[in-house]
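Shown next: work_32.txt, containing compact mmCIF, C-alpha atoms.
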```
# COMPACT_ATOMS: atom_id res chain seq x y z
CA MET A 1 12.05 6.18 -39.55
CA ASP A 2 14.73 8.74 -38.59
CA MET A 3 15.08 10.15 -35.07
CA ASP A 4 13.17 13.38 -35.86
CA GLY A 5 10.33 11.40 -37.40
CA SER A 6 10.06 9.13 -34.36
CA ILE A 7 10.02 12.11 -31.99
CA THR A 8 7.33 13.88 -34.07
CA LYS A 9 5.19 10.73 -34.07
CA GLU A 10 5.54 10.31 -30.31
CA ILE A 11 4.60 13.95 -29.71
CA GLU A 12 1.59 13.65 -32.07
CA SER A 13 0.40 10.59 -30.22
CA LEU A 14 0.79 12.33 -26.85
CA LEU A 15 -1.12 15.40 -28.04
CA THR A 16 -3.90 13.28 -29.58
CA GLU A 17 -4.54 11.40 -26.35
CA SER A 18 -4.26 14.57 -24.25
CA GLY A 19 -7.80 15.75 -24.97
CA LEU A 20 -6.55 19.28 -25.62
CA SER A 21 -8.58 21.37 -28.07
CA GLU A 22 -7.42 21.63 -31.68
CA GLY A 23 -6.40 25.26 -31.31
CA VAL A 24 -4.14 24.55 -28.35
CA VAL A 25 -2.56 21.53 -30.06
CA SER A 26 -1.87 23.63 -33.13
CA ILE A 27 -0.19 26.38 -31.08
CA ILE A 28 1.94 23.87 -29.16
CA ASN A 29 3.07 22.26 -32.42
CA GLY A 30 3.97 25.69 -33.79
CA TRP A 31 5.93 26.57 -30.66
CA LEU A 32 7.80 23.27 -30.76
CA ASP A 33 8.81 24.03 -34.35
CA SER A 34 10.03 27.52 -33.56
CA SER A 35 12.25 26.57 -30.66
CA PHE A 36 15.00 24.80 -32.54
CA GLY A 37 17.12 27.77 -33.64
CA SER A 38 20.37 27.07 -31.82
CA LYS A 39 19.84 23.45 -30.88
CA GLY A 40 18.66 21.88 -34.09
CA ARG A 41 15.24 20.26 -34.33
CA TYR A 42 14.20 18.63 -31.05
CA GLY A 43 17.63 19.39 -29.57
CA TRP A 44 16.67 18.35 -26.04
CA ALA A 45 15.10 15.11 -27.16
CA GLN A 46 18.14 14.35 -29.30
CA LEU A 47 20.49 14.96 -26.36
CA THR A 48 18.47 12.57 -24.18
CA LEU A 49 18.31 9.94 -26.93
CA ILE A 50 22.03 10.13 -27.70
CA THR A 51 22.98 9.51 -24.05
CA CYS A 52 20.35 6.77 -23.76
CA ASP A 53 21.65 5.11 -26.92
CA SER A 54 25.29 5.46 -25.84
CA THR A 55 24.54 3.50 -22.64
CA GLY A 56 22.73 0.77 -24.51
CA GLY A 57 19.13 1.88 -23.95
CA VAL A 58 16.02 0.60 -25.71
CA PRO A 59 14.86 3.17 -28.33
CA GLU A 60 11.14 3.05 -27.32
CA GLU A 61 11.87 3.77 -23.66
CA GLY A 62 14.42 6.44 -24.59
CA LEU A 63 11.92 8.10 -26.91
CA ARG A 64 9.33 8.67 -24.17
CA GLY A 65 11.93 10.22 -21.90
CA ALA A 66 13.28 12.28 -24.81
CA VAL A 67 9.84 13.70 -25.66
CA ALA A 68 9.25 14.46 -21.98
CA MET A 69 12.58 16.33 -21.88
CA GLU A 70 11.81 18.28 -25.08
CA LEU A 71 8.47 19.47 -23.69
CA TYR A 72 9.93 20.23 -20.26
CA ALA A 73 12.69 22.38 -21.78
CA LEU A 74 10.19 24.18 -24.04
CA ALA A 75 8.01 25.05 -21.02
CA ALA A 76 11.11 26.28 -19.16
CA ASP A 77 12.17 28.38 -22.18
CA ILE A 78 8.76 30.02 -22.48
CA LEU A 79 8.56 30.87 -18.78
CA ASP A 80 12.14 32.17 -18.83
CA ASP A 81 11.47 34.44 -21.83
CA ILE A 82 8.27 35.80 -20.28
CA GLN A 83 10.01 36.49 -16.96
CA ASP A 84 13.04 38.06 -18.65
CA GLN A 85 10.92 39.82 -21.31
CA ASP A 86 13.42 38.52 -23.79
CA ASN A 87 13.44 36.99 -27.31
CA ASN A 88 10.55 39.11 -28.54
CA ASP A 89 10.59 37.42 -31.95
CA LEU A 90 9.50 34.04 -30.55
CA PRO A 91 5.78 33.16 -30.84
CA TRP A 92 5.14 32.89 -27.09
CA ARG A 93 6.30 36.48 -26.74
CA LYS A 94 3.76 37.59 -29.33
CA VAL A 95 0.77 36.46 -27.27
CA PRO A 96 -0.35 38.10 -23.99
CA PRO A 97 1.80 36.88 -21.05
CA ALA A 98 -1.24 35.24 -19.42
CA GLN A 99 -1.70 33.02 -22.49
CA GLY A 100 2.02 32.26 -22.62
CA ILE A 101 2.08 31.23 -18.94
CA ASN A 102 -1.07 29.14 -19.38
CA LEU A 103 0.34 27.23 -22.35
CA ALA A 104 3.76 26.82 -20.72
CA THR A 105 1.99 25.21 -17.77
CA CYS A 106 0.08 22.98 -20.16
CA ILE A 107 3.32 21.94 -21.90
CA LEU A 108 4.95 21.24 -18.52
CA VAL A 109 2.07 18.95 -17.55
CA LEU A 110 2.35 17.26 -20.95
CA SER A 111 6.02 16.58 -20.23
CA TYR A 112 5.07 14.77 -17.01
CA LYS A 113 2.38 12.89 -18.92
CA ALA A 114 5.03 11.78 -21.43
CA LEU A 115 7.24 10.65 -18.57
CA SER A 116 4.42 8.63 -17.04
CA GLY A 117 4.40 6.58 -20.27
CA LEU A 118 7.71 4.97 -19.32
CA SER A 119 7.05 1.26 -19.07
CA ASN A 120 9.67 0.48 -16.44
CA PRO A 121 8.47 1.75 -13.00
CA ARG A 122 12.04 2.24 -11.78
CA HIS A 123 12.83 4.41 -14.81
CA PHE A 124 9.71 6.47 -14.12
CA GLU A 125 10.59 6.92 -10.47
CA GLU A 126 14.19 7.94 -11.14
CA ALA A 127 13.42 10.17 -14.14
CA SER A 128 10.66 11.90 -12.12
CA LYS A 129 13.19 12.66 -9.38
CA VAL A 130 15.50 14.21 -11.99
CA PHE A 131 12.62 16.29 -13.41
CA ASN A 132 11.65 17.58 -9.98
CA GLN A 133 15.20 18.41 -8.93
CA MET A 134 15.92 20.01 -12.29
CA GLY A 135 12.83 22.24 -12.03
CA LEU A 136 13.68 23.34 -8.51
CA GLN A 137 17.26 24.14 -9.53
CA VAL A 138 16.22 26.12 -12.59
CA CYS A 139 13.68 28.16 -10.59
CA ASP A 140 16.22 28.79 -7.85
CA GLY A 141 18.88 29.82 -10.40
CA GLN A 142 16.42 32.14 -12.15
CA PHE A 143 15.44 33.76 -8.86
CA GLN A 144 19.10 34.29 -7.88
CA GLU A 145 19.60 35.90 -11.29
CA PHE A 146 16.77 38.36 -10.58
CA LEU A 147 18.47 39.27 -7.31
CA ASN A 148 21.89 39.55 -8.98
CA ASP A 149 20.55 41.84 -11.71
CA SER A 150 19.55 44.39 -9.09
CA LYS A 151 23.05 44.43 -7.56
CA ASP A 152 25.82 46.78 -8.71
CA ARG A 153 28.33 43.97 -8.81
CA ILE A 154 28.55 40.22 -8.24
CA THR A 155 31.56 37.93 -7.99
CA LEU A 156 32.51 35.44 -10.69
CA GLU A 157 31.78 32.69 -8.16
CA GLU A 158 28.22 33.98 -7.76
CA TYR A 159 27.76 34.11 -11.54
CA PHE A 160 28.89 30.51 -12.04
CA LYS A 161 26.73 29.31 -9.14
CA VAL A 162 23.63 30.71 -10.83
CA ILE A 163 24.54 29.42 -14.28
CA ASN A 164 25.29 26.01 -12.86
CA LYS A 165 21.70 25.80 -11.60
CA LYS A 166 19.90 27.63 -14.36
CA SER A 167 21.59 26.68 -17.62
CA CYS A 168 23.50 23.55 -16.73
CA GLY A 169 20.61 22.01 -14.78
CA LEU A 170 18.66 21.23 -17.95
CA THR A 171 21.53 19.84 -20.03
CA ALA A 172 22.79 17.80 -17.08
CA GLY A 173 19.24 16.55 -16.48
CA ALA A 174 18.73 15.56 -20.13
CA CYS A 175 21.95 13.51 -20.12
CA LYS A 176 21.13 11.99 -16.73
CA ILE A 177 17.66 10.89 -17.85
CA GLY A 178 19.14 9.39 -21.03
CA ALA A 179 21.66 7.45 -18.95
CA ILE A 180 18.99 6.25 -16.50
CA LEU A 181 16.80 5.03 -19.37
CA GLY A 182 19.85 3.35 -20.88
CA GLU A 183 20.28 1.34 -17.64
CA ALA A 184 23.70 2.84 -16.96
CA ASP A 185 25.26 2.15 -13.56
CA GLN A 186 25.39 5.01 -11.05
CA THR A 187 28.98 5.99 -11.87
CA LEU A 188 28.19 6.29 -15.57
CA VAL A 189 24.97 8.22 -14.81
CA ASP A 190 27.03 10.67 -12.73
CA ARG A 191 29.69 11.07 -15.44
CA LEU A 192 27.10 11.71 -18.14
CA GLU A 193 25.33 14.19 -15.88
CA GLU A 194 28.64 16.04 -15.50
CA PHE A 195 29.14 15.85 -19.28
CA GLY A 196 25.74 17.53 -19.68
CA MET A 197 26.71 20.17 -17.14
CA CYS A 198 29.81 20.99 -19.22
CA LEU A 199 27.67 21.27 -22.38
CA GLY A 200 25.33 23.68 -20.59
CA MET A 201 28.21 25.81 -19.35
CA MET A 202 29.80 25.96 -22.82
CA GLY A 203 26.50 26.98 -24.37
CA GLN A 204 25.83 29.67 -21.77
CA ILE A 205 29.29 31.22 -22.14
CA LYS A 206 28.93 31.28 -25.94
CA ASN A 207 25.47 32.79 -25.61
CA ASP A 208 26.60 35.44 -23.12
CA LEU A 209 29.50 36.53 -25.30
CA ASP A 210 27.50 36.50 -28.55
CA ASP A 211 24.76 38.61 -27.01
CA PHE A 212 26.85 41.08 -25.02
CA LEU A 213 27.44 43.53 -27.84
CA ASN A 214 24.30 42.66 -29.76
CA LEU A 215 22.46 45.66 -28.35
CA GLU A 216 19.81 45.93 -31.05
CA THR A 217 18.28 42.46 -30.74
CA LYS A 218 19.38 41.25 -27.32
CA SER A 219 18.64 42.99 -24.09
CA ASP A 220 21.36 41.62 -21.78
CA PHE A 221 23.46 44.77 -21.42
CA ILE A 222 20.46 47.07 -21.69
CA LYS A 223 18.87 45.30 -18.75
CA GLY A 224 22.05 45.30 -16.70
CA ARG A 225 22.00 41.50 -16.79
CA LYS A 226 25.00 39.99 -15.06
CA THR A 227 26.34 37.96 -17.97
CA LEU A 228 29.89 36.61 -17.97
CA PRO A 229 31.49 39.44 -20.00
CA PHE A 230 29.89 42.03 -17.71
CA VAL A 231 30.77 40.23 -14.47
CA TYR A 232 34.36 39.65 -15.66
CA LEU A 233 34.81 43.32 -16.50
CA LEU A 234 33.33 44.48 -13.18
CA ASN A 235 35.81 42.23 -11.38
CA VAL A 236 39.02 43.07 -13.25
CA LEU A 237 38.70 46.73 -14.14
CA ASP A 238 40.33 49.38 -12.00
CA GLU A 239 38.08 51.84 -10.19
CA ILE A 240 37.97 54.46 -12.97
CA GLU A 241 37.31 51.93 -15.75
CA ALA A 242 34.68 50.15 -13.65
CA GLU A 243 32.90 53.48 -13.17
CA GLU A 244 33.05 54.00 -16.96
CA LEU A 245 31.43 50.60 -17.48
CA LYS A 246 28.73 51.30 -14.88
CA TYR A 247 28.05 54.66 -16.54
CA LEU A 248 27.66 52.94 -19.94
CA SER A 249 25.36 50.37 -18.36
CA THR A 250 23.22 53.08 -16.73
CA LEU A 251 22.95 54.89 -20.07
CA ALA A 252 21.97 51.69 -21.91
CA ILE A 253 19.36 50.84 -19.25
CA LYS A 254 17.76 54.28 -19.84
CA GLY A 255 17.30 53.39 -23.51
CA LEU A 256 19.27 52.96 -26.70
CA THR A 257 18.56 56.53 -27.79
CA ASN A 258 21.06 57.60 -25.11
CA PHE A 259 23.54 54.98 -26.23
CA GLY A 260 25.11 56.27 -29.43
CA THR A 261 28.06 55.34 -31.61
CA ASN A 262 30.58 56.76 -29.12
CA GLU A 263 29.18 54.72 -26.25
CA LYS A 264 29.09 51.56 -28.36
CA GLY A 265 32.73 52.22 -29.31
CA GLN A 266 33.70 52.67 -25.64
CA LEU A 267 32.01 49.40 -24.70
CA ARG A 268 33.62 47.58 -27.60
CA GLU A 269 37.02 48.89 -26.59
CA LEU A 270 36.56 47.68 -23.01
CA VAL A 271 35.57 44.24 -24.29
CA ILE A 272 38.56 43.95 -26.62
CA ASN A 273 41.30 45.59 -24.56
CA GLU A 274 40.55 44.09 -21.17
CA GLY A 275 40.62 40.42 -22.19
CA THR A 276 36.88 39.76 -22.00
CA ILE A 277 36.86 37.51 -25.05
CA HIS A 278 39.99 35.75 -23.84
CA TYR A 279 38.43 35.03 -20.45
CA CYS A 280 35.19 33.69 -21.91
CA SER A 281 37.22 31.57 -24.33
CA VAL A 282 39.46 30.19 -21.55
CA ILE A 283 36.52 29.12 -19.37
CA HIS A 284 34.77 27.68 -22.43
CA GLU A 285 37.94 25.77 -23.35
CA MET A 286 38.24 24.35 -19.82
CA TYR A 287 34.72 22.97 -19.86
CA MET A 288 35.30 21.60 -23.34
CA GLN A 289 38.46 19.81 -22.16
CA ARG A 290 36.57 18.42 -19.17
CA ALA A 291 33.71 17.18 -21.38
CA LEU A 292 36.17 15.44 -23.71
CA GLU A 293 38.03 13.95 -20.76
CA ILE A 294 34.76 12.48 -19.44
CA VAL A 295 33.87 10.96 -22.81
CA ASN A 296 37.31 9.45 -23.21
CA ARG A 297 37.16 7.79 -19.80
CA ILE A 298 33.65 6.33 -19.74
CA PRO A 299 33.06 2.68 -20.69
CA ILE A 300 30.93 3.06 -23.83
CA SER A 301 31.54 2.03 -27.44
CA GLU A 302 33.85 4.06 -29.68
CA LYS A 303 30.91 4.85 -31.94
CA SER A 304 28.95 6.29 -29.00
CA LYS A 305 31.99 8.28 -27.89
CA GLU A 306 32.19 9.82 -31.36
CA LYS A 307 28.57 10.93 -31.12
CA LEU A 308 29.14 12.57 -27.75
CA ILE A 309 32.34 14.23 -28.96
CA GLN A 310 30.38 15.69 -31.89
CA LEU A 311 28.11 17.39 -29.36
CA VAL A 312 31.12 19.08 -27.79
CA GLY A 313 32.39 20.33 -31.14
CA MET B 1 38.24 25.87 -10.62
CA ASN B 2 39.42 29.25 -9.41
CA PHE B 3 37.52 31.70 -11.58
CA ASP B 4 38.99 34.78 -9.87
CA ASN B 5 42.62 33.73 -10.27
CA ILE B 6 42.03 32.87 -13.91
CA ALA B 7 40.35 36.25 -14.48
CA GLU B 8 43.25 38.07 -12.87
CA LEU B 9 45.82 36.23 -14.96
CA VAL B 10 43.86 36.56 -18.23
CA HIS B 11 43.45 40.28 -17.60
CA GLU B 12 47.17 40.69 -16.96
CA LEU B 13 48.08 38.72 -20.10
CA ALA B 14 45.58 40.61 -22.22
CA LYS B 15 47.17 43.87 -21.15
CA ASN B 16 50.70 42.49 -21.58
CA PRO B 17 50.57 39.72 -24.20
CA ASN B 18 54.36 39.30 -24.15
CA HIS B 19 54.30 38.16 -20.53
CA SER B 20 52.63 34.84 -21.29
CA SER B 21 55.85 33.05 -22.25
CA VAL B 22 57.35 33.93 -18.85
CA LYS B 23 54.30 33.96 -16.64
CA LEU B 24 52.71 30.62 -17.59
CA PRO B 25 55.81 28.42 -16.98
CA GLN B 26 56.33 30.23 -13.65
CA LEU B 27 52.79 29.45 -12.52
CA LYS B 28 53.18 25.87 -13.69
CA ALA B 29 56.36 25.46 -11.66
CA ASN B 30 54.77 27.01 -8.56
CA ARG B 31 51.63 24.84 -9.01
CA GLU B 32 49.48 27.90 -8.42
CA MET B 33 47.05 26.74 -11.09
CA THR B 34 46.05 23.38 -12.43
CA ASN B 35 47.41 22.04 -15.70
CA ARG B 36 43.96 22.20 -17.25
CA GLU B 37 43.65 25.89 -16.35
CA LEU B 38 47.13 26.73 -17.66
CA ASN B 39 46.67 24.69 -20.86
CA ALA B 40 43.39 26.44 -21.61
CA ILE B 41 44.96 29.86 -21.04
CA ALA B 42 47.97 28.99 -23.20
CA LYS B 43 45.75 27.66 -25.97
CA VAL B 44 43.49 30.71 -26.05
CA PHE B 45 46.41 33.15 -26.04
CA SER B 46 48.11 31.27 -28.84
CA GLN B 47 45.09 31.58 -31.13
CA GLU B 48 45.80 34.13 -33.81
CA LYS B 49 42.12 35.05 -34.08
CA LEU B 50 42.13 36.43 -30.60
CA SER B 51 45.48 38.15 -30.66
CA GLY B 52 44.45 41.06 -32.84
CA ASN B 53 41.86 43.75 -32.43
CA SER B 54 39.11 41.27 -33.06
CA LEU B 55 35.77 40.42 -31.55
CA GLU B 56 35.79 36.99 -33.12
CA ALA B 57 35.94 33.97 -30.87
CA ILE B 58 35.51 30.47 -32.17
CA MET B 59 33.36 28.55 -29.78
CA LYS B 60 32.00 25.16 -30.46
CA PRO B 61 29.62 23.42 -30.61
CA THR B 62 27.67 25.35 -33.22
CA LEU B 63 24.55 23.70 -31.83
CA TYR B 64 24.09 24.38 -28.18
CA TRP B 65 21.56 24.14 -25.40
CA VAL B 66 20.69 27.23 -23.41
```
In structure tokens, what does this structure look like?
Amino acid sequence: MDMDGSITKEIESLLTESGLSEGVVSIINGWLDSSFGSKGRYGWAQLTLITCDSTGGVPEEGLRGAVAMELYALAADILDDIQDQDNNDLPWRKVPPAQGINLATCILVLSYKALSGLSNPRHFEEASKVFNQMGLQVCDGQFQEFLNDSKDRITLEEYFKVINKKSCGLTAGACKIGAILGEADQTLVDRLEEFGMCLGMMGQIKNDLDDFLNLETKSDFIKGRKTLPFVYLLNVLDEIEAEELKYLSTLAIKGLTNFGTNEKGQLRELVINEGTIHYCSVIHEMYMQRALEIVNRIPISEKSKEKLIQLVG
Amino acid sequence: MNFDNIAELVHELAKNPNHSSVKLPQLKANREMTNRELNAIAKVFSQEKLSGNSLEAIMKPTLYWV
């Protein structure tokens, strides 16, 4: 059976023994299927399994941790989208928020149930610690982001601090759990956690840049969200240009009807002429170099290194 | 990683692309930035895709976790 098939079977078995009603199980299965746009099918589980496998882990043990991670990340995604009122096309945004929050909580509990299926007590104890710390970090990062969104301006340092907790926490956690289940020593666990952090940072920067000018389907600029392109521009523009950007942001926040072709052109010009894409690309490149450096230095097989390098790109 | 210094330099180079051949070796000699930072900046500014009036940026991986 391939990796996807094994993950599906493990999830089915978990849902069957959960005692949840048929309707709820069906919705959870549907939501699991719809969440693999950018990450591939079961992206979080795959990431956990690849790191577990690369450190010599047993597939059965890795699988339980991988399913736990997949469910945990889905719950986090749902709660994030509800809080941000984002990604309206996803199924959990098409049900009343109360239902979305209820099912996200259910999925989160399921993830802990999956984790409790780990046969090695030490694995369970350590993976639980990672889950708890990861959840606290993500909540803290999300809360800081709420606070930042209400500010006129934040520093680049503040932006990266939030992203490090919010976006990198999950990827770092997935890799760390994989390494723990693979019986890696502490140094290797730490390196793979850092590798995961780099992956998260790369993904967030790509996401921020892709979405910045995508005003019709994404709400980042319209909500005044402090994404990397926006924070960069606020920090490098001179006073007059910064005022122009703030004016555009205020207009967009009032609604897209006020934000016409001229305004879109002005924003586009600021993005191109002021080095926004260059900056995002430089930071992305630095994290990519760091991720590759980590892979090249860790004591795993060449075949495993290749798999990790493929994740970087 | 000094995000502010990198932002300042990238902004300056974006406004004056011809300065990179002078500016980057100077910074390297003065050790004001790390090699990784300078290499990343040099690589990005040498990419033809980004040198024109383009919004295209090639960022891998195509699959990513956010």
Could you give me, as a PDB file with C-alpha atoms, in the frame of the given file, the residues within 12 Å of B:Leu38, counting only C-alpha atoms and dropping anything in the same chain fewer than 5 positions from it?
```pdb
ATOM      1  CA  VAL A 282      39.460  30.190 -21.550  1.00  0.00           C
ATOM      2  CA  ILE A 283      36.520  29.120 -19.370  1.00  0.00           C
ATOM      3  CA  GLU A 285      37.940  25.770 -23.350  1.00  0.00           C
ATOM      4  CA  MET A 286      38.240  24.350 -19.820  1.00  0.00           C
ATOM      5  CA  GLN A 289      38.460  19.810 -22.160  1.00  0.00           C
TER       6      GLN A 289
ATOM      7  CA  MET B   1      38.240  25.870 -10.620  1.00  0.00           C
ATOM      8  CA  ASN B   2      39.420  29.250  -9.410  1.00  0.00           C
ATOM      9  CA  ASN B   5      42.620  33.730 -10.270  1.00  0.00           C
ATOM     10  CA  ILE B   6      42.030  32.870 -13.910  1.00  0.00           C
ATOM     11  CA  LEU B   9      45.820  36.230 -14.960  1.00  0.00           C
ATOM     12  CA  VAL B  10      43.860  36.560 -18.230  1.00  0.00           C
ATOM     13  CA  SER B  20      52.630  34.840 -21.290  1.00  0.00           C
ATOM     14  CA  SER B  21      55.850  33.050 -22.250  1.00  0.00           C
ATOM     15  CA  LYS B  23      54.300  33.960 -16.640  1.00  0.00           C
ATOM     16  CA  LEU B  24      52.710  30.620 -17.590  1.00  0.00           C
ATOM     17  CA  PRO B  25      55.810  28.420 -16.980  1.00  0.00           C
ATOM     18  CA  GLN B  26      56.330  30.230 -13.650  1.00  0.00           C
ATOM     19  CA  LEU B  27      52.790  29.450 -12.520  1.00  0.00           C
ATOM     20  CA  LYS B  28      53.180  25.870 -13.690  1.00  0.00           C
ATOM     21  CA  ALA B  29      56.360  25.460 -11.660  1.00  0.00           C
ATOM     22  CA  ASN B  30      54.770  27.010  -8.560  1.00  0.00           C
ATOM     23  CA  ARG B  31      51.630  24.840  -9.010  1.00  0.00           C
ATOM     24  CA  GLU B  32      49.480  27.900  -8.420  1.00  0.00           C
ATOM     25  CA  MET B  33      47.050  26.740 -11.090  1.00  0.00           C
ATOM     26  CA  LYS B  43      45.750  27.660 -25.970  1.00  0.00           C
ATOM     27  CA  VAL B  44      43.490  30.710 -26.050  1.00  0.00           C
ATOM     28  CA  PHE B  45      46.410  33.150 -26.040  1.00  0.00           C
TER      29      PHE B  45
END
```
Report as a tab-separated table the residues of chain A within 6 Å of chain B, each with its shortest atom pair and distance in Å (one decimal), using only C-alpha atoms, ordered by chain and increasing residue number.
```
residue	atom	partner	partner_atom	distance
A:Ser38	CA	B:Leu63	CA	5.4
A:Lys39	CA	B:Leu63	CA	4.8
A:Ser167	CA	B:Val66	CA	5.9
A:Gly203	CA	B:Tyr64	CA	5.2
A:Gln204	CA	B:Val66	CA	5.9
A:Glu274	CA	B:His11	CA	6.0
A:Gly275	CA	B:Ala14	CA	5.0
A:Val282	CA	B:Ala40	CA	5.4
A:Glu285	CA	B:Ala40	CA	5.8
A:Met286	CA	B:Ala40	CA	5.8
A:Val312	CA	B:Pro61	CA	5.4
A:Gly313	CA	B:Pro61	CA	4.2
```
Using all atoms listed in the file, pick whichever of A:Asp53, A:Lys206, A:Gly62, A:Asp220 has the shortest atom-to-atom distance to A:Asp86.
A:Asp220
For a test of reading the model, state the distance in Å between atom CA of A:Leu71 and atom CA of A:Gly141, rounded to one decimal.
19.8 Å
Between atom CA of A:Leu110 and atom CA of A:Ser21, what is the spacing in Å?
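Interatomic distance here is 13.7 Å.
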Separation of atom CA of A:Leu49 and atom CA of A:Leu103, in Å?
25.4 Å
Here's a test: counting all atoms listed in the file, identify every protein, DNA and RNA residue with an atom at most 6 Å from (15.2, 12.5, -12.1) in the file's coordinate frame, and state them as number ranges by chain.
A: 126-131
Using all atoms listed in the file, list the residues that have an atom at most 12 Å from (24.6, 10.7, -19.5), coordinates as in the file, as a short mmCIF file (atom, residue, chain, number, x, y, z; two decimals) with C-alpha atoms, in the frame of the given file.
```cif
data_model
loop_
_atom_site.label_atom_id
_atom_site.label_comp_id
_atom_site.auth_asym_id
_atom_site.auth_seq_id
_atom_site.Cartn_x
_atom_site.Cartn_y
_atom_site.Cartn_z
CA LEU A 47 20.49 14.96 -26.36
CA THR A 48 18.47 12.57 -24.18
CA LEU A 49 18.31 9.94 -26.93
CA ILE A 50 22.03 10.13 -27.70
CA THR A 51 22.98 9.51 -24.05
CA CYS A 52 20.35 6.77 -23.76
CA ASP A 53 21.65 5.11 -26.92
CA SER A 54 25.29 5.46 -25.84
CA THR A 55 24.54 3.50 -22.64
CA GLY A 56 22.73 0.77 -24.51
CA GLY A 57 19.13 1.88 -23.95
CA THR A 171 21.53 19.84 -20.03
CA ALA A 172 22.79 17.80 -17.08
CA GLY A 173 19.24 16.55 -16.48
CA ALA A 174 18.73 15.56 -20.13
CA CYS A 175 21.95 13.51 -20.12
CA LYS A 176 21.13 11.99 -16.73
CA ILE A 177 17.66 10.89 -17.85
CA GLY A 178 19.14 9.39 -21.03
CA ALA A 179 21.66 7.45 -18.95
CA ILE A 180 18.99 6.25 -16.50
CA LEU A 181 16.80 5.03 -19.37
CA GLY A 182 19.85 3.35 -20.88
CA GLU A 183 20.28 1.34 -17.64
CA ALA A 184 23.70 2.84 -16.96
CA ASP A 185 25.26 2.15 -13.56
CA GLN A 186 25.39 5.01 -11.05
CA THR A 187 28.98 5.99 -11.87
CA LEU A 188 28.19 6.29 -15.57
CA VAL A 189 24.97 8.22 -14.81
CA ASP A 190 27.03 10.67 -12.73
CA ARG A 191 29.69 11.07 -15.44
CA LEU A 192 27.10 11.71 -18.14
CA GLU A 193 25.33 14.19 -15.88
CA GLU A 194 28.64 16.04 -15.50
CA PHE A 195 29.14 15.85 -19.28
CA GLY A 196 25.74 17.53 -19.68
CA MET A 197 26.71 20.17 -17.14
CA CYS A 198 29.81 20.99 -19.22
CA LEU A 199 27.67 21.27 -22.38
CA ALA A 291 33.71 17.18 -21.38
CA ILE A 294 34.76 12.48 -19.44
CA VAL A 295 33.87 10.96 -22.81
CA ILE A 298 33.65 6.33 -19.74
CA PRO A 299 33.06 2.68 -20.69
CA ILE A 300 30.93 3.06 -23.83
CA SER A 304 28.95 6.29 -29.00
CA LYS A 305 31.99 8.28 -27.89
CA LEU A 308 29.14 12.57 -27.75
#
```
